[in-house]
$ cat work-v2.csv   # CSV, C-alpha atoms and all ligand atoms
chain,number,residue,atom,x,y,z
A,580,MET,CA,35.0,4.1,22.2
A,581,ILE,CA,34.8,0.5,21.4
A,582,THR,CA,32.4,1.2,18.6
A,583,ALA,CA,34.7,3.9,17.2
A,584,SER,CA,37.5,1.5,17.1
A,585,LEU,CA,35.4,-1.1,15.3
A,586,GLY,CA,34.5,1.5,12.8
A,587,ALA,CA,38.1,2.4,12.2
A,588,VAL,CA,39.0,-1.2,11.6
A,589,ALA,CA,36.1,-1.6,9.2
A,590,GLY,CA,37.3,1.4,7.3
A,591,VAL,CA,40.7,-0.2,6.9
A,592,VAL,CA,39.1,-3.5,5.7
A,593,ALA,CA,36.9,-1.7,3.2
A,594,THR,CA,39.9,0.3,1.8
A,595,THR,CA,41.9,-2.9,1.4
A,596,LYS,CA,39.1,-4.6,-0.5
A,597,ILE,CA,38.7,-1.7,-2.8
A,598,VAL,CA,42.4,-1.9,-3.7
A,599,GLU,CA,42.2,-5.7,-4.3
A,600,ALA,CA,39.0,-5.4,-6.4
A,601,ALA,CA,40.4,-2.5,-8.4
A,602,LEU,CA,43.2,-4.6,-9.8
A,603,PRO,CA,41.0,-6.8,-12.1
A,604,GLY,CA,39.0,-3.7,-12.8
A,605,SER,CA,41.6,-2.7,-15.4
A,606,ILE,CA,41.2,-6.0,-17.2
A,607,GLY,CA,37.5,-6.6,-17.7
A,608,GLY,CA,34.1,-4.9,-17.4
A,609,ALA,CA,32.8,-7.4,-14.9
A,610,ALA,CA,35.0,-6.0,-12.2
A,611,GLY,CA,32.4,-3.5,-11.3
A,612,ALA,CA,30.1,-6.1,-9.8
A,613,LEU,CA,33.0,-7.7,-8.1
A,614,GLN,CA,33.9,-4.5,-6.4
A,615,ASN,CA,30.4,-4.1,-5.0
A,616,SER,CA,30.2,-7.6,-3.6
A,617,GLU,CA,33.6,-7.2,-2.0
A,618,LEU,CA,32.5,-4.0,-0.3
A,619,GLU,CA,29.3,-5.5,1.2
A,620,PRO,CA,30.8,-7.1,4.3
A,621,ALA,CA,32.0,-3.7,5.5
A,622,ASP,CA,28.5,-2.3,5.1
A,623,ARG,CA,26.9,-5.0,7.2
A,624,ILE,CA,28.7,-4.2,10.5
A,625,PRO,CA,25.9,-3.6,12.9
A,626,ALA,CA,25.1,-0.2,14.2
A,627,PRO,CA,26.1,0.5,17.9
A,628,THR,CA,23.3,-0.6,20.2
A,629,THR,CA,24.3,1.5,23.2
A,630,THR,CA,21.9,4.4,22.3
A,631,THR,CA,18.9,2.2,22.8
A,632,THR,CA,19.6,1.5,26.5
A,633,THR,CA,17.2,3.1,28.8
A,634,THR,CA,18.1,3.6,32.4
A,635,MET,CA,15.6,4.4,35.1
A,636,PRO,CA,15.9,7.8,36.8
A,637,PRO,CA,16.9,8.1,40.4
A,638,PRO,CA,14.4,6.8,43.0
A,639,VAL,CA,11.6,9.2,44.1
A,640,PRO,CA,11.4,10.2,47.7
A,641,ASP,CA,7.9,11.0,49.1
A,642,GLY,CA,6.7,14.4,48.0
A,643,GLN,CA,9.1,14.8,45.2
A,644,ILE,CA,8.7,14.5,41.4
A,645,MET,CA,10.5,11.8,39.3
A,646,PHE,CA,13.0,13.1,36.9
A,647,PRO,CA,11.0,12.9,33.6
A,648,ILE,CA,13.7,12.0,31.0
A,649,ASP,CA,16.5,9.5,30.5
A,650,ALA,CA,19.2,12.3,30.9
A,651,ARG,CA,22.6,11.7,29.2
A,652,GLU,CA,25.7,13.0,30.8
A,653,GLY,CA,26.8,16.4,29.4
A,654,GLU,CA,23.6,16.8,27.3
A,655,CYS,CA,21.0,17.9,29.9
A,656,TRP,CA,20.5,21.3,31.5
A,657,ILE,CA,17.7,23.2,33.2
A,658,SER,CA,17.4,26.9,33.7
A,659,ASP,CA,15.0,28.6,36.1
A,660,ASN,CA,12.4,29.6,33.5
A,661,PHE,CA,9.0,28.8,35.1
A,662,GLY,CA,6.9,32.0,35.0
A,663,ASP,CA,9.0,33.7,32.4
A,664,CYS,CA,7.3,36.2,30.1
A,665,ARG,CA,5.7,34.8,27.0
A,666,GLY,CA,3.7,36.6,24.3
A,667,THR,CA,3.6,40.3,23.6
A,668,ASN,CA,4.2,42.5,26.7
A,669,CYS,CA,4.1,39.4,28.9
A,670,SER,CA,0.5,38.6,27.9
A,671,ARG,CA,1.0,35.1,29.4
A,672,SER,CA,3.6,33.4,31.4
A,673,HIS,CA,5.7,30.2,30.9
A,674,GLU,CA,3.6,27.6,32.8
A,675,GLY,CA,6.2,24.9,32.8
A,676,LEU,CA,9.9,24.1,33.2
A,677,ASP,CA,12.1,23.4,30.2
A,678,ILE,CA,14.5,20.5,30.4
A,679,SER,CA,17.0,21.1,27.6
A,680,GLY,CA,19.1,18.9,25.4
A,681,ASN,CA,18.9,15.1,25.1
A,682,ARG,CA,17.5,14.9,21.6
A,683,GLY,CA,15.8,11.5,21.3
A,684,ALA,CA,16.1,10.5,24.9
A,685,ASP,CA,13.2,8.6,26.5
A,686,ILE,CA,10.5,10.4,28.4
A,687,PHE,CA,9.0,8.8,31.5
A,688,ALA,CA,5.6,8.9,33.1
A,689,VAL,CA,6.5,10.5,36.4
A,690,ILE,CA,3.5,9.0,38.1
A,691,THR,CA,1.1,6.2,37.6
A,692,GLY,CA,-1.9,7.8,36.0
A,693,ARG,CA,-4.0,8.1,32.9
A,694,LEU,CA,-3.2,9.7,29.6
A,695,THR,CA,-6.1,12.2,29.1
A,696,LYS,CA,-5.0,14.2,26.1
A,697,LYS,CA,-2.7,13.5,23.2
A,698,TYR,CA,-1.1,16.5,21.3
A,699,THR,CA,-0.2,15.7,17.7
A,700,ASP,CA,0.7,19.0,16.0
A,701,SER,CA,3.9,18.1,14.2
A,702,GLY,CA,4.7,21.6,12.9
A,703,LYS,CA,7.5,23.8,14.2
A,704,THR,CA,5.7,27.1,14.6
A,705,TYR,CA,2.7,26.7,16.9
A,706,GLY,CA,1.7,25.1,20.2
A,707,ALA,CA,2.6,22.0,22.1
A,708,GLY,CA,3.8,20.0,19.1
A,709,HIS,CA,3.7,16.3,20.1
A,710,GLY,CA,2.7,15.8,23.7
A,711,TRP,CA,0.7,14.2,26.5
A,712,THR,CA,-1.4,15.2,29.4
A,713,LEU,CA,-1.0,12.7,32.3
A,714,TYR,CA,-3.5,12.8,35.2
A,715,ASP,CA,-3.7,11.1,38.5
A,716,GLU,CA,-7.3,11.3,39.7
A,717,THR,CA,-6.5,10.1,43.3
A,718,THR,CA,-4.3,13.1,44.0
A,719,ASP,CA,-5.8,15.5,41.3
A,720,VAL,CA,-2.4,16.2,39.9
A,721,THR,CA,-1.8,16.8,36.2
A,722,PHE,CA,1.5,16.7,34.3
A,723,LYS,CA,1.9,18.0,30.7
A,724,TYR,CA,4.7,17.0,28.3
A,725,PHE,CA,5.2,19.2,25.2
A,726,HIS,CA,7.5,19.4,22.1
A,727,MET,CA,8.1,15.6,22.1
A,728,GLY,CA,9.7,14.0,19.0
A,729,THR,CA,7.6,10.9,19.1
A,730,HIS,CA,4.9,9.3,21.2
A,731,ALA,CA,5.7,5.8,22.4
A,732,ALA,CA,4.1,3.3,20.1
A,733,GLY,CA,0.7,1.8,21.1
A,734,LEU,CA,-0.3,4.4,23.7
A,735,GLN,CA,-3.5,6.3,23.3
A,736,VAL,CA,-5.8,8.6,25.3
A,737,GLY,CA,-7.5,6.7,28.1
A,738,ASP,CA,-4.5,4.4,28.7
A,739,THR,CA,-3.1,4.0,32.2
A,740,VAL,CA,0.6,4.2,32.4
A,741,GLN,CA,2.9,3.2,35.2
A,742,GLN,CA,5.5,5.4,36.9
A,743,GLY,CA,8.7,5.1,34.9
A,744,GLN,CA,7.0,3.8,31.7
A,745,VAL,CA,8.4,5.3,28.5
A,746,ILE,CA,5.7,7.5,26.9
A,747,GLY,CA,7.8,9.3,24.2
A,748,THR,CA,11.1,10.9,23.2
A,749,VAL,CA,12.6,14.4,23.5
A,750,GLY,CA,12.0,16.4,20.4
A,751,ASN,CA,11.7,19.9,18.9
A,752,THR,CA,8.0,20.1,17.8
A,753,GLY,CA,5.6,23.0,18.2
A,754,THR,CA,6.9,26.4,19.3
A,755,SER,CA,10.1,24.7,20.5
A,756,GLY,CA,11.3,24.7,16.9
A,757,ALA,CA,10.0,28.1,15.9
A,758,ASN,CA,13.4,29.9,16.0
A,759,SER,CA,15.9,27.1,15.8
A,760,ASP,CA,16.4,23.7,14.6
A,761,THR,CA,18.5,22.8,17.6
A,762,ASN,CA,16.2,23.8,20.5
A,763,TYR,CA,15.5,20.2,21.6
A,764,HIS,CA,13.8,20.2,25.0
A,765,LEU,CA,10.9,18.8,27.0
A,766,HIS,CA,8.4,21.4,28.3
A,767,PHE,CA,7.2,19.9,31.5
A,768,GLU,CA,4.2,21.2,33.5
A,769,TYR,CA,3.2,20.3,37.0
A,770,ARG,CA,-0.4,21.2,38.0
A,771,PRO,CA,-1.7,20.2,41.4
A,772,GLY,CA,-5.4,20.9,41.3
A,773,TYR,CA,-4.7,22.1,37.7
A,774,VAL,CA,-2.9,25.2,39.0
A,775,PRO,CA,0.4,25.7,37.1
A,776,THR,CA,3.2,25.3,39.7
A,777,ASP,CA,7.0,25.3,39.4
A,778,PRO,CA,8.1,21.6,39.5
A,779,ARG,CA,11.7,22.5,39.9
A,780,PRO,CA,11.9,22.7,43.7
A,781,LEU,CA,10.4,19.2,43.9
A,782,LEU,CA,12.2,17.6,41.0
A,783,VAL,CA,14.6,14.8,41.9
A,784,ARG,CA,18.1,15.9,40.9
A,785,HIS,CA,19.4,13.7,38.1
A,786,PRO,CA,23.2,13.2,38.2
A,787,ASN,CA,23.4,13.7,34.5
A,788,CYS,CA,21.5,17.0,34.4
A,789,THR,CA,22.9,20.5,35.4
A,790,PHE,CA,20.6,22.9,37.1
A,791,TYR,CA,21.3,26.6,36.5
A,792,GLY,CA,20.0,29.6,38.3
B,1,ZN,ZN,8.6,25.6,27.9

$ encode --input "work-v2.csv" --output "C-alpha cells" --more "lines below"
Ligand SMILES: [Zn+2]
Amino acid sequence: MITASLGAVAGVVATTKIVEAALPGSIGGAAGALQNSELEPADRIPAPTTTTTTTMPPPVPDGQIMFPIDAREGECWISDNFGDCRGTNCSRSHEGLDISGNRGADIFAVITGRLTKKYTDSGKTYGAGHGWTLYDETTDVTFKYFHMGTHAAGLQVGDTVQQGQVIGTVGNTGTSGANSDTNYHLHFEYRPGYVPTDPRPLLVRHPNCTFYG
C-alpha cells in the first residue's frame, strides 16, 4: 500500500510538471525538450522491491516433504489431482501434484540432493517445459519439477543443491500452457524408489496455500 501511495504522489508531481512545462510551449519550439527533461524525475522513481523477497517455507518435520514454492497469500491452491486421467481414455495417469497460482514465485529444492536432469522445452504445447529432476541417492528418492518459468541462474545438471535453495520460478511452460495463458502452476512429482507417489499426504501445509478436496 505504501508503494501505491508513492505512485499516486508521483502521478501528481508529473501532472504538475506537464502543466508548468506546457506554458512556455506556446512560445517557442524548444519547449518540447524542456517538457521531456521535466518529466524524467517522475520516471526515475524506483520499482517496488517487495516482490523480490523470498521467505523460507515452514520447517519440515521428519518424514514430511518441504513445501516446494514461496507461496503468496491468496494466490496458491492445491486440488487433489494425483492419479487423475491423462491422455485418450485414461491411457496414462497424472503422476504428480499440481500446485497452482503464484506466477513467478521462487521454487525450492525440497531436499539436499543432486540435479540429474534439466528440462528445457520452452514451448506451450508439449511435455515438461522447463524443469528439473532432483535426486537423493542416500534415500533413493526422486523429485520432479515441471512447467517452470525459469531455471535459477548458474545451476546445471550434476550440481548438488541444498534443501531450501532456489532452483527456479513458477511458470506456464510445456503442456501447462496448452489450453490457457493463465494456467501457472508447478507440477511436482515425488518418487521414492522412482515409483510415482502422491506427495500431498506428506506435504507440509503452507499457511498461504489452500488445499482443496
Ligand atoms: Zn501436473

$ residues_near_ligand --input "work-v2.csv" --ligand "ligand ZN 1 (chain B)" --cutoff "6 Å" --atoms "all atoms listed in the file" --output "NGL selection string"
:A and (675-677 or 766)

$ write_last_selection --input "work-v2.csv" --atoms "C-alpha atoms" --output "short mmCIF file (atom, residue, chain, number, x, y, z; two decimals), in the coordinates of the input"
data_model
loop_
_atom_site.label_atom_id
_atom_site.label_comp_id
_atom_site.auth_asym_id
_atom_site.auth_seq_id
_atom_site.Cartn_x
_atom_site.Cartn_y
_atom_site.Cartn_z
CA GLY A 675 6.20 24.90 32.80
CA LEU A 676 9.90 24.10 33.20
CA ASP A 677 12.10 23.40 30.20
CA HIS A 766 8.40 21.40 28.30
#

$ closest_atom_pairs --input "work-v2.csv" --of "range 623-733 of chain A" --to "range 774-781 of chain A" --cutoff "6 Å" --atoms "only C-alpha atoms" --output "Markdown table"
| residue | atom | partner | partner_atom | distance |
| --- | --- | --- | --- | --- |
| A:Gln643 | CA | A:Leu781 | CA | 4.8 |
| A:Ile644 | CA | A:Leu781 | CA | 5.6 |
| A:Phe661 | CA | A:Asp777 | CA | 5.9 |
| A:Glu674 | CA | A:Pro775 | CA | 5.7 |

$ write_last_selection --input "work-v2.csv" --atoms "C-alpha atoms" --output "JSON list (two decimals), in the coordinates of the input"
[["chain", "number", "residue", "atom", "x", "y", "z"],
["A", 643, "GLN", "CA", 9.10, 14.80, 45.20],
["A", 644, "ILE", "CA", 8.70, 14.50, 41.40],
["A", 661, "PHE", "CA", 9.00, 28.80, 35.10],
["A", 674, "GLU", "CA", 3.60, 27.60, 32.80]]

$ closest_residue --input "work-v2.csv" --among "A:Thr691, A:Asn668, A:Ser679, A:Asn762" --to "Met645 in chain A" --atoms "only C-alpha atoms"
A:Thr691

$ closest_residue --input "work-v2.csv" --among "A:Tyr698, A:Tyr724, A:Phe646, A:Trp656" --to "Arg770 in chain A" --atoms "all atoms listed in the file"
A:Tyr724

$ atom_distance --input "work-v2.csv" --atom1 "CA of Thr729 in chain A" --atom2 "CA of Tyr763 in chain A"
12.5 Å

$ atom_distance --input "work-v2.csv" --atom1 "CA of Gly706 in chain A" --atom2 "CA of Val783 in chain A"
27.3 Å

$ closest_residue --input "work-v2.csv" --among "A:Asp715, A:Arg693, A:Ile686, A:Thr754" --to "Ala731 in chain A" --atoms "all atoms listed in the file"
A:Ile686

$ residues_around --input "work-v2.csv" --residues "Leu713 in chain A" --least-positions-apart "4" --cutoff "9 Å" --atoms "all atoms listed in the file" --output "PDB file with C-alpha atoms, in the coordinates of the input"
ATOM      1  CA  ALA A 688       5.600   8.900  33.100  1.00  0.00           C
ATOM      2  CA  VAL A 689       6.500  10.500  36.400  1.00  0.00           C
ATOM      3  CA  ILE A 690       3.500   9.000  38.100  1.00  0.00           C
ATOM      4  CA  THR A 691       1.100   6.200  37.600  1.00  0.00           C
ATOM      5  CA  GLY A 692      -1.900   7.800  36.000  1.00  0.00           C
ATOM      6  CA  ARG A 693      -4.000   8.100  32.900  1.00  0.00           C
ATOM      7  CA  LEU A 694      -3.200   9.700  29.600  1.00  0.00           C
ATOM      8  CA  THR A 695      -6.100  12.200  29.100  1.00  0.00           C
ATOM      9  CA  LYS A 696      -5.000  14.200  26.100  1.00  0.00           C
ATOM     10  CA  VAL A 720      -2.400  16.200  39.900  1.00  0.00           C
ATOM     11  CA  THR A 721      -1.800  16.800  36.200  1.00  0.00           C
ATOM     12  CA  PHE A 722       1.500  16.700  34.300  1.00  0.00           C
ATOM     13  CA  LYS A 723       1.900  18.000  30.700  1.00  0.00           C
ATOM     14  CA  TYR A 724       4.700  17.000  28.300  1.00  0.00           C
ATOM     15  CA  THR A 739      -3.100   4.000  32.200  1.00  0.00           C
ATOM     16  CA  VAL A 740       0.600   4.200  32.400  1.00  0.00           C
TER      17      VAL A 740
END

$ atom_distance --input "work-v2.csv" --atom1 "CA of Gln742 in chain A" --atom2 "CA of Gly702 in chain A"
29.0 Å
